[in-house]
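Enquirer: Pasting start_1.cif below, which is mmCIF, C-alpha atoms.
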```cif
data_upload
loop_
_atom_site.label_atom_id
_atom_site.label_comp_id
_atom_site.auth_asym_id
_atom_site.auth_seq_id
_atom_site.Cartn_x
_atom_site.Cartn_y
_atom_site.Cartn_z
CA MET L 1 20.15 21.32 2.58
CA ALA L 2 19.24 18.28 0.48
CA GLY L 3 15.64 18.48 -0.61
CA LYS L 4 13.97 19.67 2.60
CA THR L 5 16.27 17.73 4.90
CA LEU L 6 19.15 19.41 6.75
CA LEU L 7 22.26 17.26 7.13
CA ARG L 8 25.04 18.19 9.53
CA GLY L 9 28.58 17.02 10.05
CA GLU L 10 30.03 15.62 13.26
CA ALA L 11 30.70 18.19 15.98
CA LEU L 12 34.22 18.38 17.39
CA SER L 13 34.92 19.98 20.73
CA GLY L 14 37.92 20.65 22.92
CA PRO L 15 41.44 21.71 21.95
CA MET L 16 42.49 20.95 18.38
CA SER L 17 46.22 21.60 18.52
CA ALA L 18 46.62 18.66 16.09
CA TRP L 19 44.88 18.30 12.75
CA SER L 20 41.33 16.93 13.14
CA HIS L 21 39.25 15.30 10.40
CA VAL L 22 35.69 16.56 9.90
CA CYS L 23 33.38 14.93 7.35
CA LEU L 24 29.76 15.13 6.21
CA ASN L 25 27.77 12.66 4.11
CA PHE L 26 24.92 14.25 2.15
CA VAL L 27 22.69 13.42 -0.80
CA THR L 28 21.92 15.84 -3.62
CA GLY L 29 18.37 16.18 -4.88
CA ASN L 30 16.96 15.67 -8.36
CA ARG L 31 17.13 19.41 -8.98
CA THR L 32 20.26 20.36 -7.05
CA GLU L 33 22.01 23.25 -8.80
CA ARG L 34 24.55 24.30 -6.17
CA VAL L 35 26.19 22.82 -3.09
CA GLU L 36 27.71 25.13 -0.48
CA VAL L 37 30.38 23.71 1.82
CA GLY L 38 31.61 25.74 4.77
CA VAL L 39 33.13 25.59 8.24
CA TYR L 40 31.58 27.34 11.24
CA CYS L 41 33.45 27.96 14.49
CA SER L 42 31.07 28.32 17.44
CA SER L 43 33.69 29.90 19.70
CA ILE L 44 36.93 31.57 18.72
CA VAL L 45 39.45 33.62 20.65
CA GLU L 46 40.56 36.76 18.86
CA GLY L 47 44.02 36.37 17.43
CA ASN L 48 44.05 32.56 17.40
CA PRO L 49 44.18 31.26 13.81
CA ILE L 50 41.91 28.53 12.43
CA LEU L 51 43.71 26.52 9.75
CA ILE L 52 41.76 24.55 7.12
CA ASP L 53 43.40 22.24 4.60
CA GLN L 54 42.77 19.39 2.17
CA CYS L 55 39.10 20.07 1.52
CA ALA L 56 37.64 17.53 -0.93
CA LEU L 57 34.28 16.44 -2.35
CA TYR L 58 33.81 12.78 -3.27
CA VAL L 59 31.03 10.72 -4.83
CA LEU L 60 30.44 7.71 -2.57
CA PRO L 61 29.02 4.36 -3.70
CA THR L 62 25.40 3.82 -2.67
CA GLU L 63 22.90 0.98 -3.01
CA ASP L 64 19.32 1.58 -4.15
CA PHE L 65 16.94 -0.74 -2.30
CA LEU L 66 14.16 0.15 -4.79
CA PRO L 67 15.64 -0.72 -8.19
CA SER L 68 12.28 -0.31 -9.97
CA GLY L 69 11.55 3.12 -8.52
CA THR L 70 11.70 4.82 -11.92
CA MET L 71 8.31 3.21 -12.68
CA GLU L 72 9.54 2.45 -16.18
CA THR L 73 8.21 -1.06 -16.53
CA ALA L 74 5.42 -3.24 -15.19
CA PRO L 75 6.37 -6.38 -13.22
CA GLU L 76 7.06 -9.48 -15.26
CA LYS L 77 4.31 -12.05 -15.61
CA GLY L 78 4.13 -14.34 -12.59
CA ARG L 79 6.08 -11.97 -10.33
CA MET L 80 4.67 -10.28 -7.26
CA PRO L 81 3.56 -6.69 -8.06
CA GLU L 82 5.67 -3.98 -6.45
CA TRP L 83 3.14 -1.14 -6.11
CA TYR L 84 -0.43 -1.32 -4.83
CA SER L 85 -3.44 0.99 -4.51
CA ARG L 86 -6.75 0.00 -2.91
CA GLY L 87 -5.39 -3.51 -2.48
CA LYS L 88 -4.76 -4.00 -6.20
CA SER L 89 -1.54 -3.90 -8.19
CA VAL L 90 -0.77 -0.71 -10.12
CA SER L 91 1.06 -0.45 -13.44
CA PRO L 92 2.79 2.66 -14.84
CA ALA L 93 0.60 4.39 -17.40
CA SER L 94 0.95 8.17 -17.04
CA GLU L 95 3.57 10.63 -18.25
CA GLY L 96 6.73 10.51 -16.11
CA TYR L 97 9.17 12.98 -14.60
CA GLN L 98 12.22 12.49 -16.83
CA SER L 99 11.25 9.06 -18.04
CA LYS L 100 8.34 7.73 -20.04
CA TYR L 101 6.01 6.53 -17.29
CA SER L 102 4.88 7.27 -13.75
CA LEU L 103 2.29 5.82 -11.37
CA GLU L 104 -0.93 7.65 -10.56
CA LEU L 105 -2.39 7.92 -7.05
CA PRO L 106 -6.20 8.01 -7.48
CA PRO L 107 -8.52 10.07 -5.21
CA CYS L 108 -11.03 8.75 -2.66
CA ASN L 109 -14.02 10.69 -1.39
CA ASP L 110 -14.44 9.04 2.02
CA ARG L 111 -10.93 7.96 3.10
CA VAL L 112 -7.22 8.49 2.60
CA SER L 113 -5.99 7.14 -0.72
CA SER L 114 -2.66 5.29 -0.63
CA LEU L 115 -0.08 4.03 -3.09
CA PHE L 116 2.41 1.69 -1.43
CA CYS L 117 5.11 -0.90 -1.92
CA LEU L 118 6.33 -3.66 0.39
CA ILE L 119 10.06 -3.74 1.20
CA PRO L 120 11.25 -7.15 2.41
CA ALA L 121 12.98 -6.97 5.80
CA ARG L 122 16.47 -8.34 5.31
CA GLN L 123 19.81 -8.25 7.04
CA GLN L 124 21.27 -5.61 4.71
CA LEU L 125 18.69 -3.11 5.97
CA GLU L 126 19.07 -3.65 9.72
CA GLY L 127 20.21 -0.46 11.42
CA ARG L 128 21.00 1.23 8.10
CA ALA L 129 20.55 4.93 7.55
CA VAL L 130 18.60 5.40 4.32
CA TRP L 131 17.78 8.35 2.13
CA ILE L 132 14.33 8.18 0.48
CA SER L 133 13.41 10.52 -2.34
CA ALA L 134 10.53 10.75 -4.83
CA MET L 135 9.27 13.14 -7.47
CA ILE L 136 5.60 14.09 -7.10
CA LYS L 137 3.34 16.07 -9.40
CA SER L 138 -0.01 17.19 -7.94
CA VAL L 139 -2.31 18.84 -10.47
CA SER L 140 -5.46 20.83 -9.60
CA ASP L 141 -8.92 19.99 -10.90
CA ARG L 142 -12.10 22.07 -11.06
CA GLY L 143 -10.24 25.17 -9.95
CA VAL L 144 -9.37 23.92 -6.44
CA SER L 145 -5.90 23.70 -4.92
CA PRO L 146 -3.93 20.55 -5.80
CA PRO L 147 -3.90 17.85 -3.09
CA GLU L 148 -0.86 17.57 -0.86
CA VAL L 149 0.89 14.19 -0.71
CA THR L 150 2.59 12.60 2.29
CA LEU L 151 5.50 10.19 1.93
CA VAL L 152 5.59 7.67 4.79
CA LEU L 153 7.97 4.89 5.84
CA ARG L 154 6.45 2.43 8.34
CA SER L 155 8.75 -0.16 9.89
CA THR L 156 8.49 -2.88 12.49
CA GLY L 157 11.55 -3.76 14.55
CA ALA L 158 12.45 -6.05 17.41
CA ASN L 159 9.64 -7.10 19.77
CA GLY L 160 7.07 -5.79 17.31
CA LYS L 161 7.94 -2.14 17.96
CA ARG L 162 6.64 0.05 15.17
CA SER L 163 8.09 3.30 13.90
CA GLU L 164 7.01 5.84 11.31
CA VAL L 165 8.78 8.69 9.50
CA SER L 166 6.95 11.03 7.13
CA ALA L 167 7.29 14.18 5.03
CA THR L 168 4.60 16.16 3.20
CA CYS L 169 4.85 17.53 -0.33
CA PRO L 170 2.57 20.52 -1.08
CA GLY L 171 0.56 20.59 -4.29
CA THR L 172 2.34 22.88 -6.74
CA GLY L 173 1.24 21.69 -10.16
CA GLU L 174 4.88 20.95 -11.00
CA TRP L 175 7.21 18.03 -10.36
CA THR L 176 8.46 18.48 -6.78
CA GLU L 177 10.92 16.39 -4.79
CA VAL L 178 10.02 15.08 -1.33
CA THR L 179 12.69 13.47 0.87
CA LEU L 180 13.10 11.43 4.04
CA LEU L 181 16.13 10.55 6.14
CA ALA L 182 15.43 7.47 8.29
CA THR L 183 17.18 4.67 10.17
CA MET L 184 15.86 1.17 9.58
CA PRO L 185 15.12 -0.81 12.77
CA GLU L 186 17.28 -3.65 14.02
CA HIS L 187 15.73 -7.05 14.59
CA ALA L 188 16.34 -9.63 17.28
CA GLY L 189 15.55 -13.32 17.63
CA ASP L 190 15.24 -16.11 15.11
CA ALA L 191 14.60 -15.56 11.44
CA THR L 192 10.95 -16.57 12.00
CA ASP L 193 10.54 -13.56 14.30
CA VAL L 194 11.61 -11.02 11.67
CA PRO L 195 8.66 -9.08 10.20
CA PRO L 196 8.47 -9.88 6.49
CA PHE L 197 8.01 -6.32 5.16
CA HIS L 198 8.49 -2.61 5.74
CA VAL L 199 5.98 -0.34 3.99
CA LEU L 200 6.76 2.73 1.88
CA LEU L 201 3.63 4.62 0.91
CA PHE L 202 2.23 7.83 -0.52
CA GLU L 203 -1.02 9.23 0.90
CA ARG L 204 -3.42 11.94 -0.24
CA PRO L 205 -6.31 13.31 1.87
CA PRO L 206 -9.91 12.30 1.13
CA GLY L 207 -12.35 14.47 -0.81
CA VAL L 208 -9.75 16.56 -2.67
CA ASP L 209 -9.99 16.57 -6.46
CA GLY L 210 -6.92 16.56 -8.66
CA ARG L 211 -4.43 14.15 -10.16
CA VAL L 212 -1.27 12.93 -8.41
CA PHE L 213 1.70 11.31 -10.17
CA ILE L 214 4.63 9.51 -8.51
CA ASP L 215 8.01 8.82 -10.14
CA GLU L 216 11.77 8.44 -9.53
CA VAL L 217 11.45 6.77 -6.13
CA VAL L 218 14.79 5.80 -4.57
CA MET L 219 15.83 4.38 -1.22
CA LEU L 220 19.58 4.79 -0.93
CA GLY L 221 21.76 3.26 1.75
CA ILE L 222 23.86 6.03 3.31
CA PRO L 223 27.55 4.93 3.39
CA GLU L 224 28.43 3.67 6.86
CA GLY L 225 31.24 4.97 9.04
CA ARG L 226 33.58 7.87 8.46
CA PHE L 227 35.00 8.32 4.99
CA ASP L 228 38.69 9.20 4.86
CA GLY L 229 38.98 11.29 1.73
CA GLY L 230 42.75 11.11 1.66
CA LEU L 231 43.48 13.35 4.65
CA VAL L 232 47.05 12.67 5.76
CA PRO L 233 47.11 11.98 9.52
CA ALA L 234 49.28 14.18 11.70
CA PRO L 235 52.51 12.51 12.84
CA ALA L 236 52.34 10.91 16.27
CA ALA L 237 53.77 12.98 19.09
CA ARG L 238 57.07 11.74 20.51
#
```
How would this structure read if it were set down as C-alpha coordinates?
Expert:
Amino acid sequence: MAGKTLLRGEALSGPMSAWSHVCLNFVTGNRTERVEVGVYCSSIVEGNPILIDQCALYVLPTEDFLPSGTMETAPEKGRMPEWYSRGKSVSPASEGYQSKYSLELPPCNDRVSSLFCLIPARQQLEGRAVWISAMIKSVSDRGVSPPEVTLVLRSTGANGKRSEVSATCPGTGEWTEVTLLATMPEHAGDATDVPPFHVLLFERPPGVDGRVFIDEVVMLGIPEGRFDGGLVPAPAAR
(Lines of atoms letter the chains of each structure in order from A and count residues from 1; the text may use other names and numbers.)
(Lines give C-alpha, C1' and ligand atoms only; values in the text may rest on other atoms or scores of the structure.)
Protein backbone atom coordinates (compact mmCIF):
# COMPACT_ATOMS: atom_id res chain seq x y z
CA MET A 1 0.00 0.00 0.00
CA ALA A 2 1.14 3.52 -0.84
CA GLY A 3 -1.23 6.06 0.64
CA LYS A 4 -4.59 4.46 -0.15
CA THR A 5 -3.48 3.01 -3.48
CA LEU A 6 -2.57 -0.67 -3.87
CA LEU A 7 0.27 -1.36 -6.30
CA ARG A 8 0.99 -4.84 -7.59
CA GLY A 9 3.86 -6.43 -9.44
CA GLU A 10 3.65 -8.24 -12.76
CA ALA A 11 2.09 -11.71 -12.62
CA LEU A 12 4.13 -14.60 -13.99
CA SER A 13 2.50 -17.86 -14.97
CA GLY A 14 3.58 -21.20 -16.36
CA PRO A 15 6.67 -23.26 -15.58
CA MET A 16 9.62 -21.37 -14.13
CA SER A 17 12.40 -23.94 -14.39
CA ALA A 18 14.75 -21.02 -15.18
CA TRP A 19 15.23 -17.92 -13.07
CA SER A 20 12.50 -15.33 -13.72
CA HIS A 21 12.70 -11.62 -12.88
CA VAL A 22 9.78 -10.08 -10.97
CA CYS A 23 9.70 -6.35 -10.21
CA LEU A 24 7.34 -3.78 -8.69
CA ASN A 25 7.47 0.02 -8.91
CA PHE A 26 5.84 1.79 -5.97
CA VAL A 27 5.82 5.22 -4.36
CA THR A 28 6.12 5.81 -0.63
CA GLY A 29 3.84 8.33 1.06
CA ASN A 30 4.70 11.41 3.08
CA ARG A 31 4.24 9.43 6.29
CA THR A 32 5.49 5.99 5.25
CA GLU A 33 7.11 4.27 8.23
CA ARG A 34 7.49 0.72 6.93
CA VAL A 35 7.54 -1.07 3.59
CA GLU A 36 6.78 -4.80 3.45
CA VAL A 37 8.05 -6.77 0.46
CA GLY A 38 6.96 -10.36 -0.05
CA VAL A 39 6.37 -13.10 -2.60
CA TYR A 40 3.06 -14.97 -2.86
CA CYS A 41 2.68 -18.25 -4.74
CA SER A 42 -0.92 -18.80 -5.88
CA SER A 43 -0.41 -22.51 -6.55
CA ILE A 44 2.32 -24.78 -5.26
CA VAL A 45 2.80 -28.53 -5.34
CA GLU A 46 3.87 -30.02 -2.04
CA GLY A 47 7.53 -30.92 -2.07
CA ASN A 48 8.52 -28.64 -4.96
CA PRO A 49 10.87 -25.89 -3.73
CA ILE A 50 10.46 -22.19 -4.55
CA LEU A 51 13.85 -20.47 -4.73
CA ILE A 52 14.17 -16.70 -4.24
CA ASP A 53 17.43 -14.81 -4.73
CA GLN A 54 18.93 -11.36 -5.26
CA CYS A 55 16.15 -9.32 -3.69
CA ALA A 56 16.92 -5.59 -3.83
CA LEU A 57 15.25 -2.24 -3.17
CA TYR A 58 16.28 0.74 -5.31
CA VAL A 59 15.38 4.43 -5.41
CA LEU A 60 14.45 5.28 -9.00
CA PRO A 61 14.74 8.72 -10.59
CA THR A 62 11.40 10.50 -11.00
CA GLU A 63 10.27 13.80 -12.50
CA ASP A 64 7.85 16.11 -10.69
CA PHE A 65 5.52 17.79 -13.18
CA LEU A 66 4.39 20.24 -10.46
CA PRO A 67 7.63 21.86 -9.27
CA SER A 68 5.78 24.52 -7.24
CA GLY A 69 3.55 22.06 -5.40
CA THR A 70 5.07 22.89 -2.02
CA MET A 71 3.14 26.20 -2.16
CA GLU A 72 6.20 27.95 -0.78
CA THR A 73 6.19 31.00 -3.00
CA ALA A 74 3.77 33.12 -4.99
CA PRO A 75 4.26 33.33 -8.78
CA GLU A 76 6.68 35.97 -10.00
CA LYS A 77 5.29 39.25 -11.24
CA GLY A 78 4.10 39.01 -14.84
CA ARG A 79 3.87 35.20 -14.79
CA MET A 80 0.66 33.24 -15.17
CA PRO A 81 -0.70 32.17 -11.73
CA GLU A 82 -0.54 28.44 -11.05
CA TRP A 83 -3.47 27.97 -8.64
CA TYR A 84 -6.99 29.37 -8.94
CA SER A 85 -10.16 29.50 -6.84
CA ARG A 86 -13.44 31.04 -7.99
CA GLY A 87 -11.70 32.14 -11.18
CA LYS A 88 -9.07 34.19 -9.35
CA SER A 89 -5.43 33.45 -8.61
CA VAL A 90 -4.57 32.20 -5.11
CA SER A 91 -1.38 32.91 -3.18
CA PRO A 92 -0.01 30.87 -0.25
CA ALA A 93 -0.83 32.53 3.06
CA SER A 94 -1.69 29.86 5.65
CA GLU A 95 0.46 27.60 7.81
CA GLY A 96 1.90 24.67 5.82
CA TYR A 97 2.44 20.96 6.32
CA GLN A 98 6.22 20.80 6.79
CA SER A 99 6.93 24.09 5.10
CA LYS A 100 6.00 27.67 5.86
CA TYR A 101 2.94 28.13 3.65
CA SER A 102 -0.06 26.31 2.22
CA LEU A 103 -3.06 27.28 0.09
CA GLU A 104 -6.55 27.54 1.56
CA LEU A 105 -9.68 26.20 -0.16
CA PRO A 106 -12.54 28.55 0.85
CA PRO A 107 -16.14 27.33 1.43
CA CYS A 108 -19.20 28.08 -0.72
CA ASN A 109 -22.78 27.88 0.50
CA ASP A 110 -24.54 27.16 -2.80
CA ARG A 111 -22.02 25.22 -4.93
CA VAL A 112 -18.89 23.09 -4.87
CA SER A 113 -15.78 25.10 -4.06
CA SER A 114 -12.68 24.28 -6.12
CA LEU A 115 -8.97 24.98 -6.01
CA PHE A 116 -7.27 24.03 -9.27
CA CYS A 117 -4.18 24.34 -11.42
CA LEU A 118 -3.75 23.98 -15.18
CA ILE A 119 -1.16 21.46 -16.42
CA PRO A 120 0.00 22.15 -19.98
CA ALA A 121 -0.47 19.13 -22.26
CA ARG A 122 2.95 18.27 -23.62
CA GLN A 123 4.69 15.34 -25.23
CA GLN A 124 6.46 14.26 -22.03
CA LEU A 125 3.08 13.51 -20.45
CA GLU A 126 1.51 11.48 -23.27
CA GLY A 127 0.72 7.96 -22.10
CA ARG A 128 2.72 8.40 -18.89
CA ALA A 129 1.73 6.75 -15.65
CA VAL A 130 1.78 9.41 -12.93
CA TRP A 131 1.55 9.35 -9.17
CA ILE A 132 -0.30 12.34 -7.65
CA SER A 133 -0.11 13.06 -3.95
CA ALA A 134 -1.16 15.96 -1.71
CA MET A 135 -1.34 16.75 1.98
CA ILE A 136 -4.74 18.04 3.13
CA LYS A 137 -5.83 19.43 6.48
CA SER A 138 -9.59 19.82 7.02
CA VAL A 139 -10.50 21.57 10.27
CA SER A 140 -13.99 21.67 11.80
CA ASP A 141 -15.88 24.86 12.60
CA ARG A 142 -18.88 25.50 14.85
CA GLY A 143 -18.75 21.96 16.18
CA VAL A 144 -19.62 20.23 12.89
CA SER A 145 -17.58 17.53 11.16
CA PRO A 146 -14.73 18.81 8.95
CA PRO A 147 -15.49 18.87 5.20
CA GLU A 148 -14.16 16.05 3.06
CA VAL A 149 -12.00 17.00 0.08
CA THR A 150 -11.84 15.28 -3.31
CA LEU A 151 -8.70 15.29 -5.44
CA VAL A 152 -9.54 15.12 -9.16
CA LEU A 153 -7.48 14.85 -12.36
CA ARG A 154 -9.43 15.74 -15.51
CA SER A 155 -7.78 15.11 -18.86
CA THR A 156 -8.70 15.41 -22.51
CA GLY A 157 -7.11 13.04 -25.01
CA ALA A 158 -7.36 12.27 -28.70
CA ASN A 159 -10.62 13.14 -30.47
CA GLY A 160 -11.71 15.21 -27.48
CA LYS A 161 -12.26 12.16 -25.26
CA ARG A 162 -12.36 13.18 -21.62
CA SER A 163 -11.31 11.14 -18.61
CA GLU A 164 -11.43 11.70 -14.87
CA VAL A 165 -9.75 10.03 -11.89
CA SER A 166 -10.53 11.00 -8.30
CA ALA A 167 -9.91 10.13 -4.65
CA THR A 168 -11.59 11.50 -1.53
CA CYS A 169 -9.84 12.55 1.67
CA PRO A 170 -12.01 12.47 4.82
CA GLY A 171 -11.93 15.39 7.23
CA THR A 172 -9.75 14.41 10.19
CA GLY A 173 -8.51 17.69 11.61
CA GLU A 174 -4.94 16.56 10.92
CA TRP A 175 -2.68 16.63 7.88
CA THR A 176 -3.71 13.62 5.77
CA GLU A 177 -2.27 12.34 2.49
CA VAL A 178 -4.53 11.67 -0.50
CA THR A 179 -3.14 9.87 -3.57
CA LEU A 180 -4.01 9.06 -7.18
CA LEU A 181 -2.47 6.69 -9.70
CA ALA A 182 -3.42 7.69 -13.26
CA THR A 183 -2.33 7.32 -16.87
CA MET A 184 -2.20 10.49 -18.94
CA PRO A 185 -4.01 10.27 -22.30
CA GLU A 186 -2.24 10.05 -25.62
CA HIS A 187 -2.95 12.63 -28.29
CA ALA A 188 -3.25 12.30 -32.04
CA GLY A 189 -3.17 14.75 -34.93
CA ASP A 190 -1.37 18.03 -35.43
CA ALA A 191 -0.05 20.15 -32.60
CA THR A 192 -3.04 22.49 -33.07
CA ASP A 193 -5.36 19.62 -32.14
CA VAL A 194 -3.71 18.99 -28.75
CA PRO A 195 -5.79 20.33 -25.84
CA PRO A 196 -3.75 23.03 -24.10
CA PHE A 197 -4.29 21.91 -20.48
CA HIS A 198 -5.14 19.09 -18.10
CA VAL A 199 -6.80 20.15 -14.83
CA LEU A 200 -5.80 19.07 -11.32
CA LEU A 201 -8.27 20.26 -8.72
CA PHE A 202 -9.43 19.93 -5.13
CA GLU A 203 -13.16 20.12 -4.37
CA ARG A 204 -15.16 20.51 -1.16
CA PRO A 205 -18.96 20.11 -0.92
CA PRO A 206 -21.22 23.17 -0.57
CA GLY A 207 -22.69 24.35 2.72
CA VAL A 208 -20.12 22.69 5.00
CA ASP A 209 -18.27 24.97 7.42
CA GLY A 210 -14.61 24.50 8.23
CA ARG A 211 -11.20 25.40 6.88
CA VAL A 212 -9.29 23.35 4.30
CA PHE A 213 -5.55 23.65 3.63
CA ILE A 214 -3.63 22.13 0.70
CA ASP A 215 0.14 21.57 0.58
CA GLU A 216 2.95 19.32 -0.76
CA VAL A 217 1.27 18.57 -4.09
CA VAL A 218 3.38 16.38 -6.40
CA MET A 219 2.77 14.73 -9.76
CA LEU A 220 5.54 12.21 -10.30
CA GLY A 221 6.23 10.37 -13.53
CA ILE A 222 6.41 6.64 -12.76
CA PRO A 223 9.61 5.17 -14.31
CA GLU A 224 8.77 3.46 -17.59
CA GLY A 225 9.54 -0.14 -18.46
CA ARG A 226 11.02 -2.87 -16.31
CA PHE A 227 13.91 -1.96 -14.06
CA ASP A 228 16.74 -4.50 -13.97
CA GLY A 229 18.13 -4.12 -10.48
CA GLY A 230 21.26 -6.11 -11.25
CA LEU A 231 19.68 -9.56 -11.54
CA VAL A 232 22.13 -11.79 -13.38
CA PRO A 233 20.33 -13.57 -16.27
CA ALA A 234 20.37 -17.33 -16.34
CA PRO A 235 22.78 -18.81 -18.90
CA ALA A 236 21.20 -19.71 -22.22
CA ALA A 237 20.32 -23.37 -22.66
CA ARG A 238 22.53 -25.29 -25.09
Enquirer: To test your reading of the syntax: which residues would the PyMOL selection byres ((chain L and resi 101-118) around 7) return for the file shown? Reply as a ChimeraX atom specification.
Expert: /L:71-72,82-85,91-96,99-100,119-120,197-207,209,211-215
Enquirer: Taking all atoms listed in the file into account, name the residue in L:Arg122, L:Arg34, L:Arg154, L:Arg142 that is nearest to Leu180 (chain L).
Expert: L:Arg154
Enquirer: Calculated over only C-alpha atoms, which of the candidates L:Leu24, L:Leu125, L:Val217, L:Met135 has the smallest distance to Glu186 (chain L)?
Expert: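 Ranking L:Leu24, L:Leu125, L:Val217, L:Met135 by distance to Glu186 (chain L), first place goes to L:Leu125.
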Enquirer: Residues at most 10 Å from Val165 (chain L), counting only C-alpha atoms, excluding those fewer than 4 positions away in the same chain, as a list in words?
Expert: Leu151, Val152, Leu153, Arg154, Ser155, Leu180, Leu181, Ala182, Thr183 and Leu200 of chain L
Enquirer: Just how far from CA of Glu36 (chain L) is CA of Ala18 (chain L), in Å to one decimal?
Expert: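 Calculated distance between CA of Ala18 (chain L) and CA of Glu36 (chain L) is 26.0 Å.
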Enquirer: Return as lines of an AutoDock Vina configuration file the centre and edge lengths, in Å with one decimal, of the box along x, y and z that encloses every atom of region 171-184 of chain L in the file, padded by 4 Å per side.
Expert:
```
center_x = 8.9
center_y = 12.0
center_z = -0.4
size_x = 24.6
size_y = 29.7
size_z = 29.2
```
Enquirer: Quick one: pull the distance between CA of Val144 (chain L) and CA of Thr176 (chain L), Å, one decimal.
Expert: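 Answer for the CA of Val144 (chain L) to CA of Thr176 (chain L) separation: 18.6 Å.
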Enquirer: Do you have the CA of Gly210 (chain L)-CA of Ser145 (chain L) distance handy?
Expert: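 Those two atoms sit 8.1 Å apart.
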Enquirer: With all atoms listed in the file as the atoms that count, which of L:Val149, L:Val208, L:Val130, L:Val178 lies nearest to Phe65 (chain L)?
Expert: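 So, comparing all the options, the nearest one is L:Val130.
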Enquirer: So, with only C-alpha atoms as the atoms that count, which of L:Lys137, L:Gly157, L:Ile222, L:Glu33 lies closest to Tyr97 (chain L)?
Expert: L:Lys137
Enquirer: Nearest to Ile132 (chain L) among L:Val37, L:Val22, L:Val90, L:Ala167, with distances taken over only C-alpha atoms: which residue is it?
Expert: L:Ala167
